[in-house]
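Engineer: Got a structure here, written out as structure tokens. Questions coming.
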Amino acid sequence: MNEKEVLKVFKAENALLTGHFSLSSGLHSPNYLQCALVLQKPKVAEKLCKGLARQLKGVKVDAVVGPALGGVIVSYELARALKVRSLFAERPEGTFCLRRGFSIKRGERILVVEDVITTGKSTYEVIDLVKSLGGKVVGVASVVDRSGGAAVFETDFHALLRINVKTYRPEDCPLCRERRIPLTKPGSRRS
């Protein structure tokens, strides 16, 4: 899949939103890519993740792990396409950990995935978790990279769609100053 095709999917699913959004990174934006609306359809999720898997040809992966909540479906579908295990990390008390019997063996090759990367905060945290458990991070992948090049990882970073969307620190947000459009928080992280 090329970027135009991916953007077309987001538009067809009404998942490219316009308004005044508080992102999980703490930044504000006039646009939001609601991956959940795209990933709610199994055939669409499968198609996107197969496209992402094609970018990973030649990368040896033992398991895929993503942060809950956004990375769960991407982890599952990408693991299915790569024929490996799918895990997800959770924050029951503010710090990511593996629960539900999930484990990573020392030296296992792990692909860290996410639905949308803006600052990469959750992704960096999951990478740190994988390393602390003895896993080897062999790549990072996301459906959407909206970091504008700000999210830089120690390994290759693959994304189906790289899109530049304006973001603002809350104190610099023109939408906050205008007070015409209410601020909404569509993401999954509350802090």
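Letters for chains follow the order of the structure tokens (A, B, ...), residue numbers begin at 1 for each chain, and ligand numbers begin at 1 in the order shown.
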Considering only C-alpha atoms, return as a PyMOL selection string whatever protein or nucleic-acid residues lie within 10 Å of His28 of chain A, sequence-local ones (same chain, fewer than 3 positions apart) excluded.
Structural biologist: chain A and resi 20-25+31-32+166-176+183-185
Engineer: Let's see if you can do this: from backbone DSSP, list all strand (DSSP E) residues in segment 54-130 of chain A, as a PDB file with C-alpha atoms, in the first residue's frame.
Structural biologist:
ATOM      1  CA  ALA A  63       7.178 -11.593  18.569  1.00  0.00           C
ATOM      2  CA  VAL A  64       5.363  -8.303  18.129  1.00  0.00           C
ATOM      3  CA  VAL A  65       4.460  -6.072  21.082  1.00  0.00           C
ATOM      4  CA  GLY A  66       2.421  -2.885  21.208  1.00  0.00           C
ATOM      5  CA  PRO A  67       1.164  -0.625  23.965  1.00  0.00           C
ATOM      6  CA  ARG A  85       3.327 -14.194  18.662  1.00  0.00           C
ATOM      7  CA  SER A  86       1.448 -11.020  19.540  1.00  0.00           C
ATOM      8  CA  LEU A  87       1.830  -9.363  22.946  1.00  0.00           C
ATOM      9  CA  PHE A  88       0.700  -6.081  24.416  1.00  0.00           C
ATOM     10  CA  ALA A  89       2.027  -3.980  27.264  1.00  0.00           C
ATOM     11  CA  GLU A  90      -0.261  -2.357  29.827  1.00  0.00           C
ATOM     12  CA  CYS A  97       4.552  -4.033  32.009  1.00  0.00           C
ATOM     13  CA  LEU A  98       3.589  -7.391  30.553  1.00  0.00           C
ATOM     14  CA  ARG A 109      13.748 -10.501  18.496  1.00  0.00           C
ATOM     15  CA  ILE A 110      10.880  -8.114  19.176  1.00  0.00           C
ATOM     16  CA  LEU A 111       9.102  -5.736  16.826  1.00  0.00           C
ATOM     17  CA  VAL A 112       7.519  -2.805  18.706  1.00  0.00           C
ATOM     18  CA  VAL A 113       4.363  -1.457  17.066  1.00  0.00           C
ATOM     19  CA  GLU A 114       1.821   1.316  17.495  1.00  0.00           C
ATOM     20  CA  ASP A 115      -1.204   2.620  15.632  1.00  0.00           C
ATOM     21  CA  VAL A 116      -0.138   6.299  15.505  1.00  0.00           C
ATOM     22  CA  ILE A 117       3.178   7.781  16.622  1.00  0.00           C
TER      23      ILE A 117
END
Engineer: Give the answer as one residue: which of A:Pro42, A:Val165, A:Glu178, A:Pro92 has the shortest atom-to-atom distance to Pro30 of chain A, using only C-alpha atoms?
Structural biologist: A:Val165
Engineer: Calculated over only C-alpha atoms, which of the candidates A:Thr95, A:Asn2, A:Ser142, A:Asn164 has the smallest distance to Val74 of chain A?
Structural biologist: A:Ser142
Engineer: For Phe10 of chain A, work out the shell of residues within 8 Å, counting only C-alpha atoms and skipping chain neighbours fewer than 3 positions away, then give it as a ChimeraX atom specification.
Structural biologist: /A:6-7,13-16,33,35,38
Engineer: I want to know what sits within 6 Å of segment 118-135 of chain A, based on only C-alpha atoms, with residues of the same chain fewer than 3 positions away left out; could you give that as number ranges by chain?
Structural biologist: A: 106-108, 146-147, 151
Engineer: One decimal, Å: what's the distance from atom CA of Lys136 of chain A over to atom CA of Phe102 of chain A, could you say?
Structural biologist: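 Going from atom CA of Lys136 of chain A over to atom CA of Phe102 of chain A covers 16.0 Å.
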